[in-house]
>>> print(open('work27.cif').read())   # mmCIF, C-alpha atoms and all ligand atoms
data_work
#
loop_
_atom_site.group_PDB
_atom_site.id
_atom_site.type_symbol
_atom_site.label_atom_id
_atom_site.label_comp_id
_atom_site.auth_asym_id
_atom_site.auth_seq_id
_atom_site.Cartn_x
_atom_site.Cartn_y
_atom_site.Cartn_z
ATOM 1 C CA MET M 100 0.000 0.000 0.000
ATOM 2 C CA LYS M 101 2.955 2.298 0.643
ATOM 3 C CA ASP M 102 2.688 5.419 -1.518
ATOM 4 C CA ARG M 103 -0.231 4.099 -3.560
ATOM 5 C CA VAL M 104 -2.648 6.896 -4.484
ATOM 6 C CA ALA M 105 -6.122 6.240 -3.097
ATOM 7 C CA LEU M 106 -9.247 8.285 -3.743
ATOM 8 C CA VAL M 107 -12.171 7.879 -1.338
ATOM 9 C CA THR M 108 -15.360 9.628 -2.426
ATOM 10 C CA GLY M 109 -17.450 10.849 0.498
ATOM 11 C CA GLY M 110 -14.536 10.624 2.903
ATOM 12 C CA SER M 111 -15.759 13.375 5.212
ATOM 13 C CA ARG M 112 -18.012 11.202 7.378
ATOM 14 C CA GLY M 113 -19.140 7.701 8.278
ATOM 15 C CA ILE M 114 -17.854 4.730 6.334
ATOM 16 C CA GLY M 115 -15.744 6.817 3.914
ATOM 17 C CA ARG M 116 -14.008 8.522 6.815
ATOM 18 C CA ALA M 117 -13.085 5.166 8.402
ATOM 19 C CA ILE M 118 -11.813 3.847 5.057
ATOM 20 C CA ALA M 119 -9.694 6.957 4.443
ATOM 21 C CA ILE M 120 -8.110 6.715 7.887
ATOM 22 C CA GLU M 121 -7.429 2.983 7.475
ATOM 23 C CA LEU M 122 -5.793 3.492 4.061
ATOM 24 C CA GLY M 123 -3.795 6.404 5.478
ATOM 25 C CA LYS M 124 -2.502 4.156 8.266
ATOM 26 C CA SER M 125 -1.389 1.635 5.653
ATOM 27 C CA GLY M 126 0.768 4.249 3.959
ATOM 28 C CA ALA M 127 -1.417 5.226 0.999
ATOM 29 C CA LYS M 128 -1.598 8.844 -0.123
ATOM 30 C CA VAL M 129 -5.258 9.508 0.455
ATOM 31 C CA ALA M 130 -7.431 11.952 -1.464
ATOM 32 C CA ILE M 131 -10.846 12.324 0.098
ATOM 33 C CA THR M 132 -13.835 14.120 -1.333
ATOM 34 C CA TYR M 133 -16.740 15.880 0.309
ATOM 35 C CA ASN M 134 -19.853 17.448 -1.102
ATOM 36 C CA THR M 135 -20.832 20.008 1.549
ATOM 37 C CA ASN M 136 -18.899 19.254 4.748
ATOM 38 C CA GLU M 137 -15.566 20.966 4.153
ATOM 39 C CA ALA M 138 -14.814 21.290 7.880
ATOM 40 C CA LEU M 139 -15.386 17.587 8.562
ATOM 41 C CA ALA M 140 -13.254 16.635 5.567
ATOM 42 C CA ALA M 141 -10.464 18.858 6.904
ATOM 43 C CA LYS M 142 -10.683 17.021 10.257
ATOM 44 C CA VAL M 143 -10.262 13.652 8.517
ATOM 45 C CA VAL M 144 -7.185 14.992 6.706
ATOM 46 C CA GLU M 145 -5.811 16.233 10.044
ATOM 47 C CA GLU M 146 -6.419 12.853 11.607
ATOM 48 C CA ILE M 147 -4.470 11.082 8.856
ATOM 49 C CA THR M 148 -1.602 13.565 8.665
ATOM 50 C CA GLY M 149 -1.457 13.732 12.482
ATOM 51 C CA LYS M 150 -0.526 10.042 12.469
ATOM 52 C CA GLY M 151 2.211 10.625 9.896
ATOM 53 C CA GLY M 152 0.094 9.853 6.836
ATOM 54 C CA THR M 153 -0.535 11.844 3.670
ATOM 55 C CA ALA M 154 -3.983 13.173 2.794
ATOM 56 C CA LYS M 155 -5.812 16.035 1.129
ATOM 57 C CA ALA M 156 -9.486 16.920 0.798
ATOM 58 C CA PHE M 157 -11.159 17.918 -2.472
ATOM 59 C CA LYS M 158 -14.654 19.291 -3.050
ATOM 60 C CA ALA M 159 -16.522 17.266 -5.657
ATOM 61 C CA ASP M 160 -20.195 16.515 -6.099
ATOM 62 C CA VAL M 161 -20.259 13.094 -7.771
ATOM 63 C CA ASN M 162 -23.416 14.251 -9.586
ATOM 64 C CA ASN M 163 -21.512 16.986 -11.340
ATOM 65 C CA ALA M 164 -19.409 15.687 -14.258
ATOM 66 C CA GLU M 165 -17.336 18.890 -14.409
ATOM 67 C CA GLU M 166 -16.442 18.681 -10.716
ATOM 68 C CA VAL M 167 -15.572 14.987 -11.089
ATOM 69 C CA ASN M 168 -13.321 15.775 -14.066
ATOM 70 C CA SER M 169 -11.470 18.498 -12.227
ATOM 71 C CA LEU M 170 -11.242 16.283 -9.128
ATOM 72 C CA PHE M 171 -9.271 13.656 -11.060
ATOM 73 C CA LYS M 172 -7.069 16.354 -12.608
ATOM 74 C CA SER M 173 -6.324 17.887 -9.210
ATOM 75 C CA VAL M 174 -5.596 14.548 -7.526
ATOM 76 C CA LYS M 175 -3.201 13.686 -10.351
ATOM 77 C CA GLU M 176 -1.403 17.007 -9.958
ATOM 78 C CA VAL M 177 -1.072 16.643 -6.195
ATOM 79 C CA PHE M 178 -0.435 12.894 -5.739
ATOM 80 C CA GLY M 179 -0.289 11.277 -9.202
ATOM 81 C CA PRO M 180 -2.866 9.087 -10.977
ATOM 82 C CA VAL M 181 -5.457 7.329 -8.832
ATOM 83 C CA GLN M 182 -4.486 3.691 -8.251
ATOM 84 C CA ILE M 183 -7.120 2.759 -5.675
ATOM 85 C CA LEU M 184 -10.629 4.109 -6.118
ATOM 86 C CA ILE M 185 -13.200 3.730 -3.359
ATOM 87 C CA ASN M 186 -16.643 4.678 -4.665
ATOM 88 C CA ASN M 187 -18.281 5.385 -1.329
ATOM 89 C CA ALA M 188 -20.288 8.627 -1.717
ATOM 90 C CA GLY M 189 -23.952 7.817 -1.434
ATOM 91 C CA ILE M 190 -27.312 8.986 -0.183
ATOM 92 C CA ILE M 191 -30.499 7.323 0.991
ATOM 93 C CA ARG M 192 -34.012 8.784 0.835
ATOM 94 C CA GLN M 193 -37.016 6.937 2.212
ATOM 95 C CA CYS M 194 -40.261 7.216 0.286
ATOM 96 C CA PRO M 195 -43.224 4.925 -0.388
ATOM 97 C CA LEU M 196 -43.177 3.804 -4.006
ATOM 98 C CA PRO M 197 -46.513 5.358 -5.079
ATOM 99 C CA LEU M 198 -45.314 8.777 -3.876
ATOM 100 C CA LEU M 199 -41.784 8.569 -5.208
ATOM 101 C CA SER M 200 -41.122 11.429 -7.637
ATOM 102 C CA GLU M 201 -38.874 11.174 -10.674
ATOM 103 C CA GLN M 202 -36.747 13.887 -9.146
ATOM 104 C CA GLU M 203 -36.159 11.851 -5.957
ATOM 105 C CA TRP M 204 -35.480 8.747 -8.049
ATOM 106 C CA ASP M 205 -32.922 10.627 -10.158
ATOM 107 C CA GLU M 206 -31.203 12.186 -7.157
ATOM 108 C CA VAL M 207 -30.561 8.822 -5.513
ATOM 109 C CA VAL M 208 -29.757 6.847 -8.665
ATOM 110 C CA ASP M 209 -27.510 9.597 -10.049
ATOM 111 C CA THR M 210 -25.520 9.924 -6.843
ATOM 112 C CA ASN M 211 -25.140 6.230 -6.045
ATOM 113 C CA LEU M 212 -24.948 4.633 -9.490
ATOM 114 C CA LYS M 213 -24.050 7.275 -12.060
ATOM 115 C CA GLY M 214 -21.545 8.834 -9.650
ATOM 116 C CA THR M 215 -19.853 5.440 -9.352
ATOM 117 C CA PHE M 216 -19.731 5.143 -13.133
ATOM 118 C CA THR M 217 -18.297 8.625 -13.786
ATOM 119 C CA CYS M 218 -15.552 8.241 -11.169
ATOM 120 C CA THR M 219 -14.681 4.715 -12.273
ATOM 121 C CA ARG M 220 -14.509 5.662 -15.959
ATOM 122 C CA LEU M 221 -11.943 8.354 -15.235
ATOM 123 C CA ALA M 222 -9.921 6.170 -12.861
ATOM 124 C CA VAL M 223 -9.619 3.154 -15.141
ATOM 125 C CA ARG M 224 -8.043 5.071 -18.011
ATOM 126 C CA GLU M 225 -4.882 5.609 -15.965
ATOM 127 C CA MET M 226 -5.107 2.192 -14.280
ATOM 128 C CA MET M 227 -5.212 0.414 -17.649
ATOM 129 C CA ARG M 228 -2.104 2.271 -18.764
ATOM 130 C CA ALA M 229 -0.345 1.354 -15.520
ATOM 131 C CA ARG M 230 -1.612 -2.256 -15.639
ATOM 132 C CA TRP M 231 -2.577 -2.059 -11.955
ATOM 133 C CA GLY M 232 -5.634 -0.886 -10.095
ATOM 134 C CA ARG M 233 -8.158 -1.505 -7.358
ATOM 135 C CA ILE M 234 -11.759 -0.377 -7.557
ATOM 136 C CA ILE M 235 -14.032 -0.931 -4.590
ATOM 137 C CA ILE M 236 -17.660 0.075 -4.607
ATOM 138 C CA ILE M 237 -19.483 0.594 -1.320
ATOM 139 C CA SER M 238 -22.823 -0.799 -2.333
ATOM 140 C CA SER M 239 -25.415 -2.121 0.154
ATOM 141 C CA ASP M 240 -27.205 -5.283 1.231
ATOM 142 C CA ALA M 241 -30.313 -3.367 0.105
ATOM 143 C CA GLY M 242 -29.206 -4.092 -3.459
ATOM 144 C CA ARG M 243 -29.457 -7.829 -2.751
ATOM 145 C CA LEU M 244 -32.398 -7.922 -0.325
ATOM 146 C CA GLY M 245 -34.487 -4.983 -1.509
ATOM 147 C CA GLU M 246 -35.677 -2.208 0.782
ATOM 148 C CA ALA M 247 -39.258 -1.205 1.513
ATOM 149 C CA MET M 248 -39.584 2.596 1.136
ATOM 150 C CA GLY M 249 -36.237 2.618 -0.618
ATOM 151 C CA SER M 250 -36.856 1.134 -4.058
ATOM 152 C CA HIS M 251 -34.714 3.833 -5.710
ATOM 153 C CA TYR M 252 -31.898 3.228 -3.211
ATOM 154 C CA ALA M 253 -32.027 -0.570 -3.609
ATOM 155 C CA ALA M 254 -32.179 -0.249 -7.403
ATOM 156 C CA SER M 255 -29.125 2.029 -7.424
ATOM 157 C CA LYS M 256 -27.172 -0.395 -5.240
ATOM 158 C CA ALA M 257 -28.202 -3.473 -7.260
ATOM 159 C CA GLY M 258 -27.000 -1.466 -10.261
ATOM 160 C CA THR M 259 -23.578 -0.934 -8.727
ATOM 161 C CA ASN M 260 -23.301 -4.688 -8.042
ATOM 162 C CA GLY M 261 -23.893 -5.433 -11.738
ATOM 163 C CA PHE M 262 -21.560 -2.622 -12.711
ATOM 164 C CA ALA M 263 -18.799 -4.026 -10.471
ATOM 165 C CA LYS M 264 -19.054 -7.493 -12.034
ATOM 166 C CA SER M 265 -19.058 -6.116 -15.578
ATOM 167 C CA ALA M 266 -16.065 -3.878 -14.927
ATOM 168 C CA ALA M 267 -14.288 -6.777 -13.199
ATOM 169 C CA ARG M 268 -14.680 -8.969 -16.280
ATOM 170 C CA GLU M 269 -13.503 -6.212 -18.604
ATOM 171 C CA LEU M 270 -10.561 -5.048 -16.520
ATOM 172 C CA ALA M 271 -9.149 -8.303 -15.128
ATOM 173 C CA PRO M 272 -6.641 -8.666 -18.008
ATOM 174 C CA TYR M 273 -5.201 -5.299 -16.963
ATOM 175 C CA ASN M 274 -4.500 -6.444 -13.425
ATOM 176 C CA ILE M 275 -7.335 -4.280 -12.130
ATOM 177 C CA THR M 276 -9.717 -5.800 -9.592
ATOM 178 C CA VAL M 277 -13.244 -4.527 -9.047
ATOM 179 C CA ASN M 278 -15.291 -5.599 -6.048
ATOM 180 C CA ALA M 279 -18.478 -4.461 -4.340
ATOM 181 C CA VAL M 280 -18.713 -4.321 -0.570
ATOM 182 C CA THR M 281 -22.267 -4.487 0.751
ATOM 183 C CA PRO M 282 -22.693 -3.219 4.301
ATOM 184 C CA GLY M 283 -25.794 -4.048 6.319
ATOM 185 C CA TYR M 284 -26.734 -1.642 9.129
ATOM 186 C CA ILE M 285 -23.738 0.484 10.046
ATOM 187 C CA GLU M 286 -23.780 3.215 12.693
ATOM 188 C CA THR M 287 -23.380 6.493 10.747
ATOM 189 C CA ASP M 288 -25.338 9.709 10.072
ATOM 190 C CA MET M 289 -27.229 7.724 7.453
ATOM 191 C CA THR M 290 -28.740 5.394 10.053
ATOM 192 C CA THR M 291 -28.846 7.397 13.291
ATOM 193 C CA GLY M 292 -31.970 9.355 12.333
ATOM 194 C CA ALA M 293 -34.099 6.210 11.968
ATOM 195 C CA ASP M 294 -37.226 5.835 14.073
ATOM 196 C CA GLU M 295 -36.734 3.587 17.182
ATOM 197 C CA ALA M 296 -39.353 1.067 16.063
ATOM 198 C CA ILE M 297 -37.767 0.762 12.610
ATOM 199 C CA ARG M 298 -34.345 0.440 14.192
ATOM 200 C CA LYS M 299 -35.511 -2.375 16.470
ATOM 201 C CA LYS M 300 -37.069 -4.203 13.525
ATOM 202 C CA GLN M 301 -33.851 -3.812 11.558
ATOM 203 C CA LEU M 302 -31.705 -5.153 14.385
ATOM 204 C CA ASP M 303 -34.042 -8.122 14.903
ATOM 205 C CA SER M 304 -33.211 -9.149 11.331
ATOM 206 C CA VAL M 305 -29.448 -9.146 11.995
ATOM 207 C CA PRO M 306 -28.145 -12.458 13.410
ATOM 208 C CA ALA M 307 -25.408 -10.562 15.298
ATOM 209 C CA ARG M 308 -28.178 -8.399 16.897
ATOM 210 C CA LYS M 309 -26.123 -5.237 16.675
ATOM 211 C CA MET M 310 -25.211 -2.500 14.226
ATOM 212 C CA GLY M 311 -21.841 -2.564 12.543
ATOM 213 C CA ASP M 312 -19.158 0.066 12.986
ATOM 214 C CA PRO M 313 -17.674 1.943 9.988
ATOM 215 C CA GLN M 314 -14.385 0.350 10.982
ATOM 216 C CA ASP M 315 -15.820 -3.101 10.188
ATOM 217 C CA VAL M 316 -16.215 -2.007 6.573
ATOM 218 C CA ALA M 317 -12.864 -0.203 6.491
ATOM 219 C CA TRP M 318 -10.911 -3.343 7.451
ATOM 220 C CA LEU M 319 -12.341 -5.301 4.510
ATOM 221 C CA VAL M 320 -11.768 -2.420 2.096
ATOM 222 C CA GLU M 321 -8.165 -2.042 3.208
ATOM 223 C CA PHE M 322 -7.630 -5.754 2.527
ATOM 224 C CA LEU M 323 -9.283 -5.622 -0.912
ATOM 225 C CA ALA M 324 -7.161 -2.599 -1.824
ATOM 226 C CA GLY M 325 -3.923 -4.366 -0.996
ATOM 227 C CA GLU M 326 -1.653 -6.865 -2.685
ATOM 228 C CA LYS M 327 -3.037 -9.862 -0.776
ATOM 229 C CA ALA M 328 -6.382 -9.461 -2.582
ATOM 230 C CA ARG M 329 -4.846 -9.576 -6.052
ATOM 231 C CA TYR M 330 -6.819 -12.699 -7.098
ATOM 232 C CA ILE M 331 -10.189 -11.496 -5.780
ATOM 233 C CA THR M 332 -12.352 -9.737 -8.358
ATOM 234 C CA GLY M 333 -15.995 -9.441 -9.361
ATOM 235 C CA GLN M 334 -17.167 -10.274 -5.847
ATOM 236 C CA THR M 335 -19.976 -8.806 -3.795
ATOM 237 C CA ILE M 336 -19.007 -9.159 -0.150
ATOM 238 C CA SER M 337 -21.280 -8.306 2.774
ATOM 239 C CA VAL M 338 -20.203 -6.752 6.079
ATOM 240 C CA ASP M 339 -23.449 -7.102 7.976
ATOM 241 C CA GLY M 340 -23.413 -9.386 11.009
ATOM 242 C CA GLY M 341 -25.070 -12.095 8.919
ATOM 243 C CA LEU M 342 -28.002 -10.071 7.554
ATOM 244 C CA PHE M 343 -27.488 -11.447 4.059
ATOM 245 C CA MET M 344 -26.349 -15.047 3.737
HETATM 246 P P1 LIG T 401 -23.006 9.255 5.477
HETATM 247 O O1 LIG T 401 -24.327 9.911 5.213
HETATM 248 O O2 LIG T 401 -22.502 9.170 6.862
HETATM 249 O O3 LIG T 401 -21.869 9.935 4.554
HETATM 250 C C1 LIG T 401 -22.091 10.122 3.197
HETATM 251 C C2 LIG T 401 -20.841 10.627 2.518
HETATM 252 O O4 LIG T 401 -21.116 10.770 1.117
HETATM 253 C C3 LIG T 401 -20.438 11.991 3.018
HETATM 254 O O5 LIG T 401 -19.036 12.065 3.008
HETATM 255 C C4 LIG T 401 -21.026 12.941 1.978
HETATM 256 O O6 LIG T 401 -20.314 14.169 1.842
HETATM 257 C C5 LIG T 401 -20.860 12.107 0.723
HETATM 258 N N1 LIG T 401 -21.783 12.504 -0.335
HETATM 259 C C6 LIG T 401 -23.136 12.486 -0.306
HETATM 260 N N2 LIG T 401 -23.619 12.937 -1.481
HETATM 261 C C7 LIG T 401 -22.568 13.250 -2.254
HETATM 262 C C8 LIG T 401 -22.418 13.774 -3.560
HETATM 263 N N3 LIG T 401 -23.457 14.088 -4.339
HETATM 264 N N4 LIG T 401 -21.155 13.961 -4.034
HETATM 265 C C9 LIG T 401 -20.089 13.661 -3.264
HETATM 266 N N5 LIG T 401 -20.161 13.176 -2.034
HETATM 267 C C10 LIG T 401 -21.392 12.976 -1.523
HETATM 268 O O7 LIG T 401 -23.166 7.801 4.835
HETATM 269 P P2 LIG T 401 -22.491 6.404 5.207
HETATM 270 O O8 LIG T 401 -21.098 6.581 5.630
HETATM 271 O O9 LIG T 401 -23.427 5.677 6.075
HETATM 272 O O10 LIG T 401 -22.559 5.700 3.776
HETATM 273 C C11 LIG T 401 -21.426 5.581 2.908
HETATM 274 C C12 LIG T 401 -21.787 4.590 1.813
HETATM 275 O O11 LIG T 401 -22.135 3.340 2.407
HETATM 276 C C13 LIG T 401 -22.993 5.011 0.974
HETATM 277 O O12 LIG T 401 -22.784 4.684 -0.372
HETATM 278 C C14 LIG T 401 -24.127 4.187 1.555
HETATM 279 O O13 LIG T 401 -25.152 3.966 0.629
HETATM 280 C C15 LIG T 401 -23.387 2.920 1.914
HETATM 281 N N6 LIG T 401 -24.080 2.128 2.940
HETATM 282 C C16 LIG T 401 -24.269 2.587 4.209
HETATM 283 C C17 LIG T 401 -24.931 1.806 5.138
HETATM 284 C C18 LIG T 401 -25.152 2.228 6.558
HETATM 285 O O14 LIG T 401 -25.825 1.490 7.297
HETATM 286 N N7 LIG T 401 -24.628 3.372 7.008
HETATM 287 C C19 LIG T 401 -25.460 0.483 4.780
HETATM 288 C C20 LIG T 401 -25.203 0.096 3.425
HETATM 289 C C21 LIG T 401 -24.532 0.888 2.548
HETATM 290 P P3 LIG T 401 -20.677 15.451 2.782
HETATM 291 O O15 LIG T 401 -20.190 15.116 4.170
HETATM 292 O O16 LIG T 401 -19.932 16.591 2.195
HETATM 293 O O17 LIG T 401 -22.164 15.618 2.730
#
>>> encode(input="work27.cif", output="structure tokens", more="lines below")
Ligand code: NDP
Amino acid sequence: MKDRVALVTGGSRGIGRAIAIELGKSGAKVAITYNTNEALAAKVVEEITGKGGTAKAFKADVNNAEEVNSLFKSVKEVFGPVQILINNAGIIRQCPLPLLSEQEWDEVVDTNLKGTFTCTRLAVREMMRARWGRIIIISSDAGRLGEAMGSHYAASKAGTNGFAKSAARELAPYNITVNAVTPGYIETDMTTGADEAIRKKQLDSVPARKMGDPQDVAWLVEFLAGEKARYITGQTISVDGGLFM
């Protein structure tokens, strides 16, 4: 991992933050992105550099092709071409299907699925030239199990799972691995707002009977990004206390 250039989208909070810190500890040069939370992103950078690592934060809305383009340019200027891409930025919106507007559908699908595509497309160009790369997509168990009130979210995540497998097949000859990590219920801003009754119902469905920690996801991602995972590609791997099996 030493001196590899890693880009973590949505590294300002939650799972992305834990991944960025873990990669930083392993010696990668870590570029993190944020959409709105500049101050939180700066704190993550401080945390990594404070432990002797290398990191920098970049503003980029994954929904905005121009911002994504300039993100990749800037990361290349500062650290060099991206070698490890963690597509983590994502949003969830709950809405009953009959009331779901096209606008809400587009917002979720564009952020979670199209954002993954636009970042990956830019990253693989350099990875193919270098004949080395790691792409990890933070998808969700919702993409495998479905999610009531979250059909747009589940559809976007199922889409990323198919995208990961397709890219894995296409890029394997270039020594580039592509895997999807599917968390279950992880304690972050995304899940803390949930109603107590919903939360209890969710936990009852988890064999481990507890929420996961962002760190649980970060450990797997760090492994997949490293040399020891060189023969693992096209996989969809859950970190979920047994929710999906
Ligand atoms: P958080 O809400 O805690 O953090 C989301 C991150 O994504 C933030 O860094 C945010 O940036 C960034 N982000 C949101 N929208 C955009 C955008 N348009 N462009 C760029 N960045 C954006 O979420 P989690 O850490 O919980 O989730 C991370 C990933 O894990 C998501 O893809 C989510 O779907 C997935 N996941 C999470 C689960 C959970 O239980 N928490 C379960 C399954 C999957 P900013 O801070 O600037 O707003």
>>> axis_aligned_box(input="work27.cif", around="ligand LIG 401 (chain T)", padding_each_side="3 Å", output="AutoDock Vina command-line options")
--center_x -22.4 --center_y 8.3 --center_z 1.5 --size_x 12.8 --size_y 22.5 --size_z 17.6
>>> resolve_selection(input="work27.cif", expression="the PyMOL selection byres (((chain M and resi 266-282) around 8) and not hetatm)", output="PyMOL selection string")
chain M and resi 226-227+230-240+259-260+262-265+283-285+316+320+323+329-339
>>> resolve_selection(input="work27.cif", expression="the PyMOL selection byres (((chain M and resi 308) around 12) and not hetatm)", output="PyMOL selection string")
chain M and resi 283-284+298-307+309-311+339-342
>>> closest_residue(input="work27.cif", among="M:Asp312, M:Glu225, M:Glu145, M:Asp294", to="ligand LIG 401 (chain T)", atoms="only C-alpha atoms and all ligand atoms")
M:Asp312
>>> atom_distance(input="work27.cif", atom1="atom C3 of ligand LIG 401 (chain T)", atom2="atom CA of M:Thr135")
8.2 Å
>>> closest_residue(input="work27.cif", among="M:Thr219, M:Thr290, M:Gln202, M:Ser250", to="M:Asn187", atoms="only C-alpha atoms")
M:Thr219
>>> resolve_selection(input="work27.cif", expression="the PyMOL selection byres (((chain M and resi 136) around 12) and not hetatm)", output="short mmCIF file (atom, residue, chain, number, x, y, z; two decimals) with C-alpha atoms, keeping the file's coordinate frame")
data_model
loop_
_atom_site.label_atom_id
_atom_site.label_comp_id
_atom_site.auth_asym_id
_atom_site.auth_seq_id
_atom_site.Cartn_x
_atom_site.Cartn_y
_atom_site.Cartn_z
CA GLY M 109 -17.45 10.85 0.50
CA GLY M 110 -14.54 10.62 2.90
CA SER M 111 -15.76 13.38 5.21
CA ARG M 112 -18.01 11.20 7.38
CA ARG M 116 -14.01 8.52 6.82
CA ILE M 131 -10.85 12.32 0.10
CA THR M 132 -13.84 14.12 -1.33
CA TYR M 133 -16.74 15.88 0.31
CA ASN M 134 -19.85 17.45 -1.10
CA THR M 135 -20.83 20.01 1.55
CA GLU M 137 -15.57 20.97 4.15
CA ALA M 138 -14.81 21.29 7.88
CA LEU M 139 -15.39 17.59 8.56
CA ALA M 140 -13.25 16.64 5.57
CA ALA M 141 -10.46 18.86 6.90
CA LYS M 142 -10.68 17.02 10.26
CA VAL M 143 -10.26 13.65 8.52
CA ALA M 156 -9.49 16.92 0.80
CA PHE M 157 -11.16 17.92 -2.47
CA LYS M 158 -14.65 19.29 -3.05
CA ALA M 159 -16.52 17.27 -5.66
CA ASP M 160 -20.20 16.52 -6.10
#
>>> closest_residue(input="work27.cif", among="M:Ser173, M:Thr291, M:Thr148, M:Gln182", to="ligand LIG 401 (chain T)", atoms="only C-alpha atoms and all ligand atoms")
M:Thr291
>>> closest_residue(input="work27.cif", among="M:Pro195, M:Gly325, M:Gly151, M:Gly189", to="M:Arg103", atoms="all atoms listed in the file")
M:Gly325
>>> decode(input="work27.cif", residues="stretch 132-145 of chain M", atoms="N, CA, C and O atoms", output="PDB file, in the first residue's frame")
ATOM      1  N   THR M 132     -12.943  13.073  -0.832  1.00  0.00           N
ATOM      2  CA  THR M 132     -13.835  14.120  -1.333  1.00  0.00           C
ATOM      3  C   THR M 132     -14.965  14.340  -0.342  1.00  0.00           C
ATOM      4  O   THR M 132     -15.291  13.480   0.462  1.00  0.00           O
ATOM      5  N   TYR M 133     -15.529  15.547  -0.446  1.00  0.00           N
ATOM      6  CA  TYR M 133     -16.740  15.880   0.309  1.00  0.00           C
ATOM      7  C   TYR M 133     -17.656  16.614  -0.656  1.00  0.00           C
ATOM      8  O   TYR M 133     -17.215  17.123  -1.694  1.00  0.00           O
ATOM      9  N   ASN M 134     -18.918  16.675  -0.290  1.00  0.00           N
ATOM     10  CA  ASN M 134     -19.853  17.448  -1.102  1.00  0.00           C
ATOM     11  C   ASN M 134     -20.131  18.783  -0.442  1.00  0.00           C
ATOM     12  O   ASN M 134     -19.975  19.831  -1.064  1.00  0.00           O
ATOM     13  N   THR M 135     -20.499  18.758   0.848  1.00  0.00           N
ATOM     14  CA  THR M 135     -20.832  20.008   1.549  1.00  0.00           C
ATOM     15  C   THR M 135     -20.006  20.227   2.811  1.00  0.00           C
ATOM     16  O   THR M 135     -19.825  21.355   3.245  1.00  0.00           O
ATOM     17  N   ASN M 136     -19.539  19.151   3.427  1.00  0.00           N
ATOM     18  CA  ASN M 136     -18.899  19.254   4.748  1.00  0.00           C
ATOM     19  C   ASN M 136     -17.383  19.466   4.689  1.00  0.00           C
ATOM     20  O   ASN M 136     -16.601  18.574   5.066  1.00  0.00           O
ATOM     21  N   GLU M 137     -17.003  20.674   4.284  1.00  0.00           N
ATOM     22  CA  GLU M 137     -15.566  20.966   4.153  1.00  0.00           C
ATOM     23  C   GLU M 137     -14.832  20.812   5.492  1.00  0.00           C
ATOM     24  O   GLU M 137     -13.734  20.245   5.557  1.00  0.00           O
ATOM     25  N   ALA M 138     -15.478  21.302   6.561  1.00  0.00           N
ATOM     26  CA  ALA M 138     -14.814  21.290   7.880  1.00  0.00           C
ATOM     27  C   ALA M 138     -14.577  19.845   8.349  1.00  0.00           C
ATOM     28  O   ALA M 138     -13.504  19.532   8.884  1.00  0.00           O
ATOM     29  N   LEU M 139     -15.559  18.985   8.142  1.00  0.00           N
ATOM     30  CA  LEU M 139     -15.386  17.587   8.562  1.00  0.00           C
ATOM     31  C   LEU M 139     -14.304  16.895   7.735  1.00  0.00           C
ATOM     32  O   LEU M 139     -13.516  16.110   8.252  1.00  0.00           O
ATOM     33  N   ALA M 140     -14.284  17.219   6.438  1.00  0.00           N
ATOM     34  CA  ALA M 140     -13.254  16.635   5.567  1.00  0.00           C
ATOM     35  C   ALA M 140     -11.860  17.069   6.040  1.00  0.00           C
ATOM     36  O   ALA M 140     -10.923  16.267   6.081  1.00  0.00           O
ATOM     37  N   ALA M 141     -11.758  18.342   6.427  1.00  0.00           N
ATOM     38  CA  ALA M 141     -10.464  18.858   6.904  1.00  0.00           C
ATOM     39  C   ALA M 141     -10.027  18.103   8.164  1.00  0.00           C
ATOM     40  O   ALA M 141      -8.840  17.829   8.366  1.00  0.00           O
ATOM     41  N   LYS M 142     -11.003  17.764   9.027  1.00  0.00           N
ATOM     42  CA  LYS M 142     -10.683  17.021  10.257  1.00  0.00           C
ATOM     43  C   LYS M 142     -10.139  15.628   9.926  1.00  0.00           C
ATOM     44  O   LYS M 142      -9.237  15.136  10.592  1.00  0.00           O
ATOM     45  N   VAL M 143     -10.723  14.994   8.912  1.00  0.00           N
ATOM     46  CA  VAL M 143     -10.262  13.652   8.517  1.00  0.00           C
ATOM     47  C   VAL M 143      -8.814  13.747   8.013  1.00  0.00           C
ATOM     48  O   VAL M 143      -7.961  12.929   8.373  1.00  0.00           O
ATOM     49  N   VAL M 144      -8.551  14.781   7.213  1.00  0.00           N
ATOM     50  CA  VAL M 144      -7.185  14.992   6.706  1.00  0.00           C
ATOM     51  C   VAL M 144      -6.219  15.170   7.884  1.00  0.00           C
ATOM     52  O   VAL M 144      -5.144  14.557   7.930  1.00  0.00           O
ATOM     53  N   GLU M 145      -6.649  15.986   8.847  1.00  0.00           N
ATOM     54  CA  GLU M 145      -5.811  16.233  10.044  1.00  0.00           C
ATOM     55  C   GLU M 145      -5.525  14.937  10.781  1.00  0.00           C
ATOM     56  O   GLU M 145      -4.411  14.710  11.260  1.00  0.00           O
TER      57      GLU M 145
END
